[in-house]
file run32.cif (mmCIF, C-alpha atoms)
data_entry
loop_
_atom_site.label_atom_id
_atom_site.label_comp_id
_atom_site.auth_asym_id
_atom_site.auth_seq_id
_atom_site.Cartn_x
_atom_site.Cartn_y
_atom_site.Cartn_z
CA MET A 1 -20.60 21.07 -6.92
CA ASP A 2 -21.70 22.34 -3.56
CA THR A 3 -20.83 20.41 -0.44
CA ALA A 4 -24.43 19.64 0.47
CA PHE A 5 -25.01 17.91 -2.85
CA ALA A 6 -21.70 16.07 -2.65
CA ARG A 7 -22.71 14.90 0.80
CA SER A 8 -26.07 13.61 -0.42
CA LEU A 9 -24.27 11.81 -3.26
CA VAL A 10 -21.96 10.06 -0.85
CA GLU A 11 -24.77 9.24 1.54
CA THR A 12 -26.86 7.72 -1.25
CA LEU A 13 -24.09 5.55 -2.59
CA ALA A 14 -22.98 4.48 0.89
CA ARG A 15 -26.48 3.34 1.80
CA ARG A 16 -26.85 1.57 -1.54
CA VAL A 17 -23.70 -0.48 -0.95
CA ILE A 18 -24.70 -1.30 2.63
CA GLU A 19 -28.16 -2.45 1.47
CA HIS A 20 -26.56 -4.84 -0.98
CA ALA A 21 -23.87 -6.19 1.33
CA ASP A 22 -25.36 -9.69 1.40
CA GLU A 23 -25.54 -9.86 -2.38
CA LEU A 24 -21.90 -8.75 -2.63
CA THR A 25 -20.95 -11.41 -0.10
CA GLN A 26 -22.68 -14.09 -2.15
CA LEU A 27 -20.97 -12.98 -5.35
CA ASP A 28 -17.64 -12.97 -3.56
CA GLN A 29 -18.22 -16.41 -2.07
CA ALA A 30 -18.53 -17.76 -5.60
CA ILE A 31 -15.23 -16.44 -6.91
CA GLY A 32 -13.42 -14.75 -4.03
CA ASP A 33 -12.92 -15.21 -0.33
CA GLY A 34 -16.44 -14.11 0.56
CA ASP A 35 -15.62 -10.89 2.37
CA HIS A 36 -16.41 -8.18 -0.22
CA GLY A 37 -19.87 -7.46 1.23
CA VAL A 38 -18.70 -7.40 4.83
CA ASN A 39 -15.68 -5.27 4.00
CA MET A 40 -17.60 -2.71 1.94
CA LYS A 41 -20.34 -2.51 4.56
CA ARG A 42 -17.77 -1.81 7.28
CA GLY A 43 -16.11 0.86 5.18
CA PHE A 44 -19.27 2.66 4.16
CA GLU A 45 -20.75 2.51 7.64
CA ALA A 46 -17.60 4.27 8.80
CA VAL A 47 -18.14 6.83 6.01
CA LEU A 48 -21.71 7.44 7.14
CA ALA A 49 -20.63 7.75 10.76
CA ASP A 50 -18.04 10.36 9.80
CA LEU A 51 -20.14 12.14 7.19
CA ASP A 52 -20.77 15.26 9.23
CA ALA A 53 -17.10 15.71 10.02
CA LEU A 54 -16.08 14.91 6.45
CA SER A 55 -18.59 17.37 4.97
CA GLY A 56 -17.03 20.27 6.84
CA SER A 57 -15.29 22.05 4.00
CA ASN A 58 -15.87 21.39 0.30
CA ALA A 59 -16.66 18.58 -2.15
CA ALA A 60 -12.97 17.90 -2.87
CA ALA A 61 -12.15 17.50 0.82
CA LEU A 62 -15.22 15.30 1.28
CA PHE A 63 -14.19 12.92 -1.52
CA ASN A 64 -10.63 12.78 -0.20
CA GLY A 65 -11.91 12.04 3.30
CA VAL A 66 -14.24 9.33 2.01
CA GLY A 67 -11.28 7.78 0.20
CA ARG A 68 -9.10 7.79 3.28
CA THR A 69 -11.88 6.25 5.38
CA LEU A 70 -12.40 3.50 2.83
CA VAL A 71 -8.68 2.76 2.74
CA MET A 72 -8.55 2.43 6.51
CA LYS A 73 -11.76 0.55 7.11
CA VAL A 74 -12.68 -1.61 4.12
CA GLY A 75 -9.66 -3.88 4.07
CA GLY A 76 -9.01 -6.53 1.43
CA ALA A 77 -8.09 -5.34 -2.02
CA SER A 78 -11.20 -3.17 -2.36
CA GLY A 79 -10.18 -0.73 0.36
CA PRO A 80 -7.09 0.59 -1.42
CA LEU A 81 -8.86 0.43 -4.80
CA TYR A 82 -12.04 2.32 -3.94
CA GLY A 83 -10.10 4.45 -1.50
CA THR A 84 -7.70 5.50 -4.23
CA PHE A 85 -10.65 6.30 -6.51
CA PHE A 86 -12.21 8.75 -4.08
CA MET A 87 -8.90 10.20 -2.89
CA GLN A 88 -7.92 10.93 -6.48
CA LEU A 89 -11.33 12.50 -7.16
CA GLY A 90 -10.74 14.74 -4.17
CA LYS A 91 -7.18 15.56 -5.16
CA ALA A 92 -8.07 16.62 -8.70
CA TRP A 93 -11.64 17.88 -8.22
CA PRO A 94 -12.20 20.68 -10.78
CA ALA A 95 -12.91 24.28 -9.82
CA THR A 96 -15.64 24.35 -12.46
CA LEU A 97 -17.64 21.20 -12.98
CA ASN A 98 -18.90 20.51 -16.51
CA ALA A 99 -19.10 17.45 -18.75
CA ALA A 100 -15.49 17.80 -19.85
CA THR A 101 -13.97 18.40 -16.42
CA LEU A 102 -16.11 15.65 -14.93
CA HIS A 103 -14.79 13.22 -17.50
CA THR A 104 -11.21 14.33 -16.86
CA VAL A 105 -11.39 13.94 -13.09
CA CYS A 106 -13.13 10.56 -13.37
CA LEU A 107 -10.57 9.35 -15.88
CA GLY A 108 -7.78 10.38 -13.51
CA ALA A 109 -9.44 8.54 -10.65
CA VAL A 110 -10.00 5.39 -12.72
CA ASP A 111 -6.38 5.46 -13.95
CA ALA A 112 -5.23 5.77 -10.34
CA VAL A 113 -7.27 2.66 -9.47
CA ALA A 114 -5.69 0.78 -12.37
CA ALA A 115 -2.22 1.84 -11.23
CA ARG A 116 -2.93 0.90 -7.61
CA GLY A 117 -4.17 -2.55 -8.57
CA LYS A 118 -1.53 -2.95 -11.29
CA SER A 119 -4.37 -4.00 -13.57
CA HIS A 120 -6.26 -3.01 -16.72
CA ALA A 121 -9.59 -3.63 -18.45
CA GLY A 122 -10.58 -7.16 -19.39
CA GLN A 123 -9.33 -8.86 -16.24
CA LYS A 124 -12.79 -9.20 -14.66
CA THR A 125 -12.57 -6.48 -12.04
CA LEU A 126 -14.23 -3.25 -10.97
CA LEU A 127 -12.29 -1.58 -13.79
CA ASP A 128 -14.54 -3.37 -16.27
CA VAL A 129 -17.38 -1.14 -15.08
CA LEU A 130 -15.45 2.00 -14.10
CA MET A 131 -13.57 2.32 -17.39
CA PRO A 132 -16.51 1.96 -19.82
CA VAL A 133 -18.70 4.26 -17.72
CA CYS A 134 -15.93 6.84 -17.66
CA GLU A 135 -15.75 6.64 -21.44
CA LEU A 136 -19.49 7.26 -21.60
CA LEU A 137 -18.91 10.53 -19.78
CA ALA A 138 -16.61 11.58 -22.60
CA THR A 139 -19.46 11.13 -25.10
CA GLY A 140 -21.77 13.34 -23.03
CA ALA A 141 -24.08 10.44 -22.25
CA ASP A 142 -27.18 11.20 -20.19
CA ILE A 143 -28.15 9.61 -16.89
CA ALA A 144 -30.22 6.87 -18.55
CA ALA A 145 -27.32 5.88 -20.78
CA ILE A 146 -24.91 5.80 -17.85
CA ARG A 147 -27.26 3.57 -15.86
CA THR A 148 -27.65 1.18 -18.78
CA GLY A 149 -23.95 1.27 -19.51
CA ALA A 150 -23.03 0.41 -15.93
CA ALA A 151 -25.49 -2.49 -15.85
CA ARG A 152 -24.34 -3.78 -19.21
CA SER A 153 -20.67 -3.56 -18.23
CA ALA A 154 -21.25 -5.41 -14.96
CA GLN A 155 -23.15 -8.16 -16.79
CA ALA A 156 -20.33 -8.35 -19.32
CA THR A 157 -18.01 -9.60 -16.58
CA VAL A 158 -20.05 -12.81 -16.24
CA PRO A 159 -18.42 -14.72 -19.11
CA MET A 160 -14.96 -13.31 -18.42
CA GLU A 161 -12.15 -15.35 -16.95
CA ALA A 162 -10.50 -13.53 -14.06
CA THR A 163 -6.83 -12.73 -14.57
CA ARG A 164 -6.36 -10.38 -11.64
CA GLY A 165 -7.32 -10.50 -7.98
CA ARG A 166 -8.45 -13.38 -5.82
CA ALA A 167 -10.76 -14.76 -8.55
CA SER A 168 -7.80 -15.29 -10.87
CA PHE A 169 -6.75 -18.27 -8.77
CA LEU A 170 -9.92 -20.02 -9.94
CA LYS A 171 -8.98 -19.51 -13.59
CA GLU A 172 -11.75 -20.85 -15.86
CA ARG A 173 -13.95 -21.64 -12.86
CA SER A 174 -14.41 -17.87 -12.48
CA ILE A 175 -16.34 -17.87 -15.76
CA GLY A 176 -20.11 -17.63 -15.42
CA HIS A 177 -20.04 -15.45 -12.30
CA LEU A 178 -20.65 -11.73 -11.96
CA ASP A 179 -17.57 -10.04 -10.55
CA PRO A 180 -18.32 -8.64 -7.06
CA GLY A 181 -16.18 -5.53 -7.62
CA ALA A 182 -17.94 -4.88 -10.91
CA ARG A 183 -21.28 -5.19 -9.10
CA SER A 184 -20.32 -2.83 -6.27
CA SER A 185 -19.13 -0.29 -8.87
CA GLN A 186 -22.43 -0.62 -10.72
CA LEU A 187 -24.37 -0.09 -7.50
CA MET A 188 -22.44 3.06 -6.68
CA ILE A 189 -22.88 4.47 -10.18
CA GLU A 190 -26.61 3.79 -10.10
CA ALA A 191 -26.84 5.48 -6.71
CA VAL A 192 -25.05 8.54 -8.07
CA CYS A 193 -27.48 8.60 -11.03
CA ASP A 194 -30.40 8.45 -8.59
CA ALA A 195 -29.01 11.32 -6.51
CA VAL A 196 -28.44 13.46 -9.61
CA GLU A 197 -31.96 12.81 -10.87
CA ARG A 198 -33.42 13.60 -7.45
CA ALA A 199 -31.62 16.93 -7.46
CA GLY A 200 -33.24 17.72 -10.79
CA MET B 1 17.77 7.78 17.04
CA SER B 2 19.45 8.21 13.68
CA ASN B 3 19.51 4.59 12.61
CA VAL B 4 17.03 3.57 9.92
CA GLY B 5 13.80 2.17 11.37
CA ILE B 6 12.42 -1.23 10.39
CA VAL B 7 8.74 -2.06 9.93
CA ILE B 8 7.53 -5.65 9.53
CA VAL B 9 4.20 -6.21 7.77
CA SER B 10 2.70 -9.67 7.60
CA HIS B 11 -0.78 -11.00 6.93
CA SER B 12 -0.40 -12.73 10.28
CA PRO B 13 0.10 -10.69 13.46
CA ASP B 14 1.83 -13.74 14.96
CA VAL B 15 4.35 -13.84 12.13
CA ALA B 16 4.93 -10.09 12.29
CA LYS B 17 5.44 -10.11 16.06
CA GLY B 18 7.56 -13.25 15.89
CA ALA B 19 9.80 -11.75 13.23
CA ALA B 20 10.14 -8.60 15.32
CA ASP B 21 11.04 -10.70 18.38
CA MET B 22 13.75 -12.48 16.37
CA VAL B 23 15.14 -9.17 15.14
CA ARG B 24 15.22 -7.75 18.66
CA GLN B 25 16.94 -10.81 20.03
CA MET B 26 19.55 -11.00 17.29
CA VAL B 27 20.17 -7.36 16.58
CA GLY B 28 19.34 -5.73 19.89
CA HIS B 29 17.76 -2.41 20.74
CA GLY B 30 19.85 -0.09 18.63
CA ILE B 31 17.21 0.38 15.94
CA PRO B 32 13.60 1.60 15.86
CA LEU B 33 11.39 -1.40 15.10
CA ALA B 34 7.64 -1.93 14.73
CA TRP B 35 5.35 -4.60 13.36
CA THR B 36 1.80 -4.96 12.11
CA GLY B 37 -0.37 -7.83 10.94
CA GLY B 38 -4.06 -8.59 10.48
CA ASN B 39 -6.83 -6.79 8.57
CA PRO B 40 -9.46 -4.30 9.81
CA ALA B 41 -11.82 -7.22 10.52
CA GLY B 42 -9.25 -8.86 12.81
CA GLY B 43 -8.51 -11.71 10.40
CA LEU B 44 -5.45 -12.63 8.38
CA GLY B 45 -4.52 -9.79 6.08
CA THR B 46 -3.01 -6.34 6.34
CA SER B 47 -4.34 -2.95 7.27
CA VAL B 48 -3.23 0.43 5.94
CA GLU B 49 -4.03 1.95 9.30
CA GLY B 50 -1.82 -0.59 11.06
CA ILE B 51 1.01 0.06 8.63
CA LEU B 52 0.76 3.82 9.12
CA GLU B 53 0.88 3.34 12.90
CA ALA B 54 3.91 1.07 12.59
CA ILE B 55 5.73 3.56 10.34
CA ASP B 56 5.08 6.23 12.91
CA ALA B 57 6.23 4.03 15.79
CA ALA B 58 9.46 3.11 13.98
CA TRP B 59 10.02 6.59 12.55
CA SER B 60 13.57 7.82 12.22
CA ASP B 61 14.98 10.85 10.45
CA ALA B 62 17.17 8.36 8.60
CA GLY B 63 14.01 6.81 7.17
CA VAL B 64 12.10 3.55 7.44
CA ALA B 65 12.50 0.26 5.58
CA ILE B 66 9.39 -1.90 5.31
CA LEU B 67 9.52 -5.68 5.00
CA VAL B 68 6.36 -7.36 3.63
CA ASP B 69 5.25 -10.93 3.11
CA MET B 70 2.93 -11.19 0.10
CA GLY B 71 0.99 -9.15 -2.45
CA GLY B 72 -1.58 -7.37 -0.31
CA ALA B 73 1.02 -6.37 2.24
CA GLU B 74 2.98 -4.63 -0.47
CA THR B 75 -0.08 -2.90 -1.98
CA ASN B 76 -1.25 -1.68 1.41
CA SER B 77 2.27 -0.51 2.27
CA GLU B 78 2.38 1.48 -0.99
CA MET B 79 -1.01 2.93 -0.07
CA ALA B 80 0.25 3.83 3.40
CA ILE B 81 3.31 5.62 1.99
CA GLU B 82 1.09 7.71 -0.26
CA MET B 83 -0.97 8.73 2.74
CA LEU B 84 2.03 9.91 4.76
CA ASP B 85 2.89 13.55 5.23
CA PRO B 86 4.82 14.72 2.15
CA GLU B 87 8.07 15.25 4.12
CA ARG B 88 8.03 11.61 5.15
CA GLN B 89 7.07 9.97 1.87
CA ASP B 90 10.56 9.99 0.32
CA LYS B 91 12.04 8.46 3.42
CA VAL B 92 10.08 5.21 3.44
CA VAL B 93 10.91 2.26 1.19
CA ILE B 94 9.51 -1.22 0.71
CA CYS B 95 12.12 -3.99 0.42
CA ASP B 96 11.80 -6.82 -2.08
CA ALA B 97 13.00 -9.50 0.32
CA PRO B 98 11.65 -12.43 2.35
CA VAL B 99 9.98 -10.90 5.37
CA VAL B 100 11.83 -12.62 8.23
CA GLU B 101 15.33 -12.94 6.78
CA GLY B 102 15.02 -9.54 5.14
CA ALA B 103 14.07 -7.96 8.44
CA VAL B 104 17.10 -9.50 10.17
CA MET B 105 19.46 -8.38 7.39
CA ALA B 106 17.97 -4.92 7.15
CA ALA B 107 18.04 -4.50 10.92
CA THR B 108 21.67 -5.61 11.14
CA GLU B 109 22.62 -3.16 8.42
CA ALA B 110 20.60 -0.41 10.07
CA TRP B 111 22.23 -1.14 13.40
CA GLY B 112 25.60 -0.38 11.81
CA GLY B 113 24.35 3.10 10.90
CA SER B 114 23.91 2.52 7.17
CA ASP B 115 21.66 4.81 5.19
CA LEU B 116 18.22 3.84 3.88
CA ALA B 117 19.38 2.89 0.37
CA THR B 118 22.07 0.61 1.81
CA VAL B 119 19.65 -1.00 4.25
CA LYS B 120 17.21 -1.70 1.39
CA ARG B 121 19.95 -3.06 -0.85
CA THR B 122 21.21 -5.37 1.90
CA ALA B 123 17.75 -6.83 2.50
CA GLU B 124 17.29 -7.31 -1.25
CA GLU B 125 20.61 -9.13 -1.65
CA LEU B 126 18.72 -12.14 -0.37
CA ASN B 127 16.48 -12.21 -3.41
CA ARG B 128 19.45 -11.68 -5.70
CA GLU B 129 21.52 -14.52 -4.23
CA ASP B 130 21.73 -17.66 -6.32
CA MET C 1 47.22 -5.09 8.14
CA ALA C 2 46.39 -7.67 10.76
CA ASP C 3 45.38 -11.26 10.49
CA ALA C 4 44.66 -14.22 12.69
CA HIS C 5 42.71 -17.42 12.69
CA VAL C 6 40.60 -19.11 15.30
CA LEU C 7 38.76 -22.39 15.60
CA LEU C 8 35.01 -22.05 15.23
CA GLN C 9 33.72 -24.23 18.01
CA HIS C 10 30.16 -22.94 18.13
CA SER C 11 28.11 -26.11 17.89
CA ALA C 12 25.80 -24.97 15.12
CA GLY C 13 28.60 -23.48 13.07
CA LEU C 14 28.38 -20.00 11.63
CA HIS C 15 24.61 -19.76 11.53
CA ALA C 16 22.25 -16.78 11.66
CA ARG C 17 22.61 -15.55 15.24
CA PRO C 18 26.41 -15.70 15.43
CA VAL C 19 26.63 -14.15 11.96
CA VAL C 20 24.61 -11.15 13.07
CA THR C 21 26.76 -10.76 16.19
CA LEU C 22 29.97 -11.08 14.19
CA THR C 23 28.97 -8.54 11.56
CA LYS C 24 27.73 -6.13 14.22
CA LEU C 25 31.12 -6.31 15.90
CA ALA C 26 32.95 -5.90 12.59
CA LYS C 27 30.90 -2.79 11.84
CA THR C 28 32.14 -1.10 15.00
CA PHE C 29 35.62 -0.90 13.47
CA ALA C 30 36.72 1.47 10.74
CA SER C 31 39.07 -1.03 9.08
CA ARG C 32 38.15 -3.14 6.07
CA ILE C 33 37.70 -6.62 7.50
CA HIS C 34 37.43 -9.94 5.70
CA VAL C 35 36.73 -13.45 6.91
CA ALA C 36 37.36 -16.80 5.25
CA ALA C 37 36.98 -20.48 6.04
CA ALA C 38 40.39 -21.24 4.54
CA ALA C 39 43.83 -19.59 4.68
CA HIS C 40 43.72 -18.59 1.00
CA GLY C 41 40.13 -17.36 0.99
CA PRO C 42 37.71 -16.73 -0.64
CA TRP C 43 37.60 -13.58 1.49
CA ILE C 44 34.17 -12.41 2.52
CA ASP C 45 33.38 -8.88 3.70
CA ALA C 46 32.88 -9.38 7.43
CA LYS C 47 30.54 -6.38 7.62
CA SER C 48 28.09 -7.89 5.12
CA VAL C 49 25.57 -9.96 7.02
CA VAL C 50 24.16 -11.53 3.86
CA LYS C 51 27.56 -12.55 2.54
CA VAL C 52 28.80 -13.95 5.83
CA MET C 53 25.55 -15.86 6.27
CA GLY C 54 26.14 -17.38 2.86
CA MET C 55 29.40 -18.94 4.05
CA LYS C 56 27.49 -21.57 6.05
CA THR C 57 30.70 -22.54 7.79
CA PRO C 58 30.30 -25.64 9.93
CA ALA C 59 31.62 -26.10 13.45
CA ASN C 60 35.26 -27.15 13.93
CA THR C 61 36.45 -25.10 10.97
CA GLN C 62 39.23 -22.53 11.26
CA LEU C 63 38.00 -19.01 10.66
CA TYR C 64 40.56 -16.60 9.17
CA PHE C 65 40.30 -12.86 9.74
CA ARG C 66 42.15 -10.16 7.84
CA ALA C 67 41.82 -6.43 8.52
CA GLU C 68 43.29 -3.27 6.97
CA GLY C 69 43.11 0.13 8.58
CA ALA C 70 44.02 2.12 11.65
CA ASP C 71 42.19 -0.20 14.06
CA ALA C 72 43.05 -3.44 12.23
CA ASP C 73 44.81 -5.04 15.21
CA ALA C 74 41.96 -4.26 17.56
CA ALA C 75 39.40 -5.49 15.03
CA VAL C 76 41.06 -8.86 14.52
CA ALA C 77 41.67 -9.31 18.25
CA ALA C 78 38.04 -8.54 19.05
CA LEU C 79 36.69 -10.90 16.41
CA VAL C 80 38.95 -13.74 17.56
CA ALA C 81 37.87 -13.11 21.14
CA LEU C 82 34.22 -13.19 20.10
CA VAL C 83 34.58 -16.55 18.37
CA ASN C 84 36.48 -17.94 21.34
CA ASN C 85 33.74 -16.71 23.65
CA ASP C 86 31.07 -18.58 21.71
CA PHE C 87 29.80 -15.29 20.22
CA LEU C 88 28.79 -13.93 23.60
CA GLY C 89 29.65 -10.42 24.68
CA GLY C 90 29.18 -8.80 21.29
CA PRO C 91 27.92 -5.23 20.93
CA GLU C 92 24.36 -4.42 21.95
#
call {"tool": "encode", "arguments": {"input": "run32.cif", "output": "structure tokens"}}
result
Amino acid sequence: MDTAFARSLVETLARRVIEHADELTQLDQAIGDGDHGVNMKRGFEAVLADLDALSGSNAAALFNGVGRTLVMKVGGASGPLYGTFFMQLGKAWPATLNAATLHTVCLGAVDAVAARGKSHAGQKTLLDVLMPVCELLATGADIAAIRTGAARSAQATVPMEATRGRASFLKERSIGHLDPGARSSQLMIEAVCDAVERAG
Amino acid sequence: MSNVGIVIVSHSPDVAKGAADMVRQMVGHGIPLAWTGGNPAGGLGTSVEGILEAIDAAWSDAGVAILVDMGGAETNSEMAIEMLDPERQDKVVICDAPVVEGAVMAATEAWGGSDLATVKRTAEELNRED
Amino acid sequence: MADAHVLLQHSAGLHARPVVTLTKLAKTFASRIHVAAAAHGPWIDAKSVVKVMGMKTPANTQLYFRAEGADADAAVAALVALVNNDFLGGPE
């Protein structure tokens, strides 16, 4: 993946998250402490501000730099989680990108997020979108299928009871709400799909 | 300075500073000591950047022992350690101890010139006491 | 081997701040040093801040010190002096 395309990917997903900051705040007010939108906006604005500097070398370095920026600037639990995702992408970015290597590097990044958060699927978190979408990559799914999969997975968090993260303190009162981390993951995946389609 | 350094991480900057003040008063100036508290938004929470700065400020070739209050402080401290230069990563540990008492115990042990493993073990004795 | 005992007069007993000062002083000596709140023990490692803090010895108790090593006499003398001086003058 050339650096220019990686940069446009990051820019697209950063802007997407920032656009939806209010929605993320509302979701987080329902079952969290209400700061997911504000935190993610701060982090991705910092990413955009640093994008030129971060895009200096190659895609791997860009992803690693994005990760580090998110860790430093997002705060909350999301900073280390999304930060770890991008840092791991950067660390293990393949020399040759194809369906198989893309799946492998994404799986590694998702596993790193799970390890960082000491969590797994089914707990009503961002993993409940990241993990199924990663599995779709293994089946060679196309862009349309990934979009649908991400949306479906995010919606699937609505009836879940949270057993990890701030929402877990609400127990059964967390049921009936879309998880904010699942939503921000969905937004980023959709943005990536858009950028890939735009590039043709 | 070849005594182990102590870093105090609390969700509250007041707690972190207060704990550091207590350590300084009780243990003195013979150990490197730094504190951090508050999140990037300036509210209660912890910040990886703040933790990295504190580790650097309290750095010692003998290593650094980190005392944390709750969950997020520990996760962010783990994150900070992974973002350190490789030569420093093995020399930083997080202690499973109450933040204030653990800091006092760890600092006292460090003052006596004990190594990092001993400092960590001393702080953690508190959680093993019955 | 050296031993001595001294009355703990510090008003709050052997609480956190004096414990830290006492263990810091004990650590400056090479000898093995133990402290107890009774003549027959139980003997607590005077260099272990956690263990000494666990003694929770109240004021007006006799503190017993026992040291073994080359500087045992000096260690016991210093610790007795520290207690008599209300835990002031310990090492910085």
call {"tool": "atom_distance", "arguments": {"input": "run32.cif", "atom1": "CA of Gly45 (chain B)", "atom2": "CA of Lys73 (chain A)"}}
result
12.7 Å
call {"tool": "resolve_selection", "arguments": {"input": "run32.cif", "expression": "the PyMOL selection byres ((chain C and resi 55-66) around 6)", "output": "list in words"}}
result
Ala2, Asp3, Ala4, His5, Val6, Leu7, Leu8, Gln9, His10, Ser11, Gly13, Leu14, Ile33, His34, Val35, Ala36, Ala37, Val52, Met53, Gly54 and Ala67 of chain C
call {"tool": "closest_residue", "arguments": {"input": "run32.cif", "among": "A:Asp194, A:Asp35, A:Asp179, A:Glu172", "to": "chain B", "atoms": "all atoms listed in the file"}}
result
A:Asp35
call {"tool": "atom_distance", "arguments": {"input": "run32.cif", "atom1": "CA of Leu89 (chain A)", "atom2": "CA of Gly67 (chain A)"}}
result
8.7 Å
call {"tool": "residues_around", "arguments": {"input": "run32.cif", "residues": "Ser31 (chain C)", "least_positions_apart": "3", "cutoff": "8 Å", "atoms": "only C-alpha atoms", "output": "list in words"}}
result
Ala67, Glu68, Gly69, Ala70, Asp71, Ala72 and Ala75 of chain C
call {"tool": "resolve_selection", "arguments": {"input": "run32.cif", "expression": "the PyMOL selection byres ((chain B and resi 12-22) around 10)", "output": "PDB file with C-alpha atoms, in the coordinates of the input"}}
result
ATOM      1  CA  ILE B   6      12.420  -1.230  10.390  1.00  0.00           C
ATOM      2  CA  VAL B   7       8.740  -2.060   9.930  1.00  0.00           C
ATOM      3  CA  ILE B   8       7.530  -5.650   9.530  1.00  0.00           C
ATOM      4  CA  VAL B   9       4.200  -6.210   7.770  1.00  0.00           C
ATOM      5  CA  SER B  10       2.700  -9.670   7.600  1.00  0.00           C
ATOM      6  CA  HIS B  11      -0.780 -11.000   6.930  1.00  0.00           C
ATOM      7  CA  VAL B  23      15.140  -9.170  15.140  1.00  0.00           C
ATOM      8  CA  ARG B  24      15.220  -7.750  18.660  1.00  0.00           C
ATOM      9  CA  GLN B  25      16.940 -10.810  20.030  1.00  0.00           C
ATOM     10  CA  MET B  26      19.550 -11.000  17.290  1.00  0.00           C
ATOM     11  CA  VAL B  27      20.170  -7.360  16.580  1.00  0.00           C
ATOM     12  CA  GLY B  28      19.340  -5.730  19.890  1.00  0.00           C
ATOM     13  CA  LEU B  33      11.390  -1.400  15.100  1.00  0.00           C
ATOM     14  CA  ALA B  34       7.640  -1.930  14.730  1.00  0.00           C
ATOM     15  CA  TRP B  35       5.350  -4.600  13.360  1.00  0.00           C
ATOM     16  CA  THR B  36       1.800  -4.960  12.110  1.00  0.00           C
ATOM     17  CA  GLY B  37      -0.370  -7.830  10.940  1.00  0.00           C
ATOM     18  CA  GLY B  38      -4.060  -8.590  10.480  1.00  0.00           C
ATOM     19  CA  ASN B  39      -6.830  -6.790   8.570  1.00  0.00           C
ATOM     20  CA  GLY B  42      -9.250  -8.860  12.810  1.00  0.00           C
ATOM     21  CA  GLY B  43      -8.510 -11.710  10.400  1.00  0.00           C
ATOM     22  CA  LEU B  44      -5.450 -12.630   8.380  1.00  0.00           C
ATOM     23  CA  GLY B  45      -4.520  -9.790   6.080  1.00  0.00           C
ATOM     24  CA  THR B  46      -3.010  -6.340   6.340  1.00  0.00           C
ATOM     25  CA  LEU B  67       9.520  -5.680   5.000  1.00  0.00           C
ATOM     26  CA  VAL B  68       6.360  -7.360   3.630  1.00  0.00           C
ATOM     27  CA  ASP B  69       5.250 -10.930   3.110  1.00  0.00           C
ATOM     28  CA  VAL B  99       9.980 -10.900   5.370  1.00  0.00           C
ATOM     29  CA  VAL B 100      11.830 -12.620   8.230  1.00  0.00           C
ATOM     30  CA  GLU B 101      15.330 -12.940   6.780  1.00  0.00           C
ATOM     31  CA  GLY B 102      15.020  -9.540   5.140  1.00  0.00           C
ATOM     32  CA  ALA B 103      14.070  -7.960   8.440  1.00  0.00           C
ATOM     33  CA  VAL B 104      17.100  -9.500  10.170  1.00  0.00           C
ATOM     34  CA  ALA B 107      18.040  -4.500  10.920  1.00  0.00           C
TER      35      ALA B 107
ATOM     36  CA  ARG C  17      22.610 -15.550  15.240  1.00  0.00           C
TER      37      ARG C  17
END
call {"tool": "interface_residues", "arguments": {"input": "run32.cif", "of": "chain C", "to": "chain B", "cutoff": "12 Å", "atoms": "all atoms listed in the file", "output": "list in words"}}
result
His15, Ala16, Arg17, Pro18, Val19, Val20, Thr21, Leu22, Thr23, Lys24, Leu25, Ala26, Lys27, Thr28, Phe29, Ala30, Lys47, Ser48, Val49, Val50, Lys51, Val52, Met53, Gly54, Phe87, Leu88, Gly90, Pro91 and Glu92 of chain C
call {"tool": "residues_near_point", "arguments": {"input": "run32.cif", "point": "(1.3, -3.1, 5.4)", "cutoff": "6 Å", "atoms": "only C-alpha atoms", "output": "ChimeraX atom specification"}}
result
/B:9,46-48,51,73,76-77
call {"tool": "closest_residue", "arguments": {"input": "run32.cif", "among": "A:Ala61, A:Leu48, A:Ala77, A:Met40", "to": "Val17 (chain A)", "atoms": "all atoms listed in the file"}}
result
A:Met40
call {"tool": "closest_atom_pairs", "arguments": {"input": "run32.cif", "of": "chain A", "to": "chain B", "cutoff": "12 Å", "atoms": "all atoms listed in the file", "output": "CSV"}}
result
residue,atom,partner,partner_atom,distance
A:Asp33,CA,B:Leu44,CA,11.8
A:Asp35,CA,B:Ala41,CA,9.7
A:His36,CA,B:Ala41,CA,11.7
A:Val38,CA,B:Ala41,CA,8.9
A:Asn39,CA,B:Ala41,CA,7.8
A:Met40,CA,B:Ala41,CA,11.3
A:Lys41,CA,B:Ala41,CA,11.4
A:Arg42,CA,B:Ala41,CA,8.7
A:Gly43,CA,B:Pro40,CA,9.6
A:Ala46,CA,B:Pro40,CA,11.9
A:Asn64,CA,B:Met83,CA,10.9
A:Gly65,CA,B:Met83,CA,11.4
A:Gly67,CA,B:Met83,CA,10.7
A:Arg68,CA,B:Met83,CA,8.2
A:Thr69,CA,B:Glu49,CA,9.8
A:Leu70,CA,B:Val48,CA,10.2
A:Val71,CA,B:Val48,CA,6.7
A:Met72,CA,B:Glu49,CA,5.3
A:Lys73,CA,B:Pro40,CA,6.0
A:Val74,CA,B:Pro40,CA,7.1
A:Gly75,CA,B:Pro40,CA,5.8
A:Gly76,CA,B:Gly45,CA,7.2
A:Ala77,CA,B:Gly72,CA,7.0
A:Ser78,CA,B:Gly72,CA,10.7
A:Gly79,CA,B:Val48,CA,9.0
A:Pro80,CA,B:Met79,CA,6.7
A:Leu81,CA,B:Met79,CA,9.5
A:Tyr82,CA,B:Met79,CA,11.7
A:Gly83,CA,B:Met79,CA,9.3
A:Thr84,CA,B:Met79,CA,8.3
A:Met87,CA,B:Met83,CA,9.8
A:Gln88,CA,B:Glu82,CA,11.4
A:Ala112,CA,B:Met79,CA,11.5
A:Val113,CA,B:Met79,CA,11.3
A:Ala115,CA,B:Thr75,CA,10.6
A:Arg116,CA,B:Thr75,CA,7.4
A:Gly117,CA,B:Thr75,CA,7.8
A:Lys118,CA,B:Thr75,CA,9.4
A:Arg164,CA,B:Gly71,CA,11.8
A:Gly165,CA,B:Gly71,CA,10.1
A:Arg166,CA,B:Gly72,CA,10.7
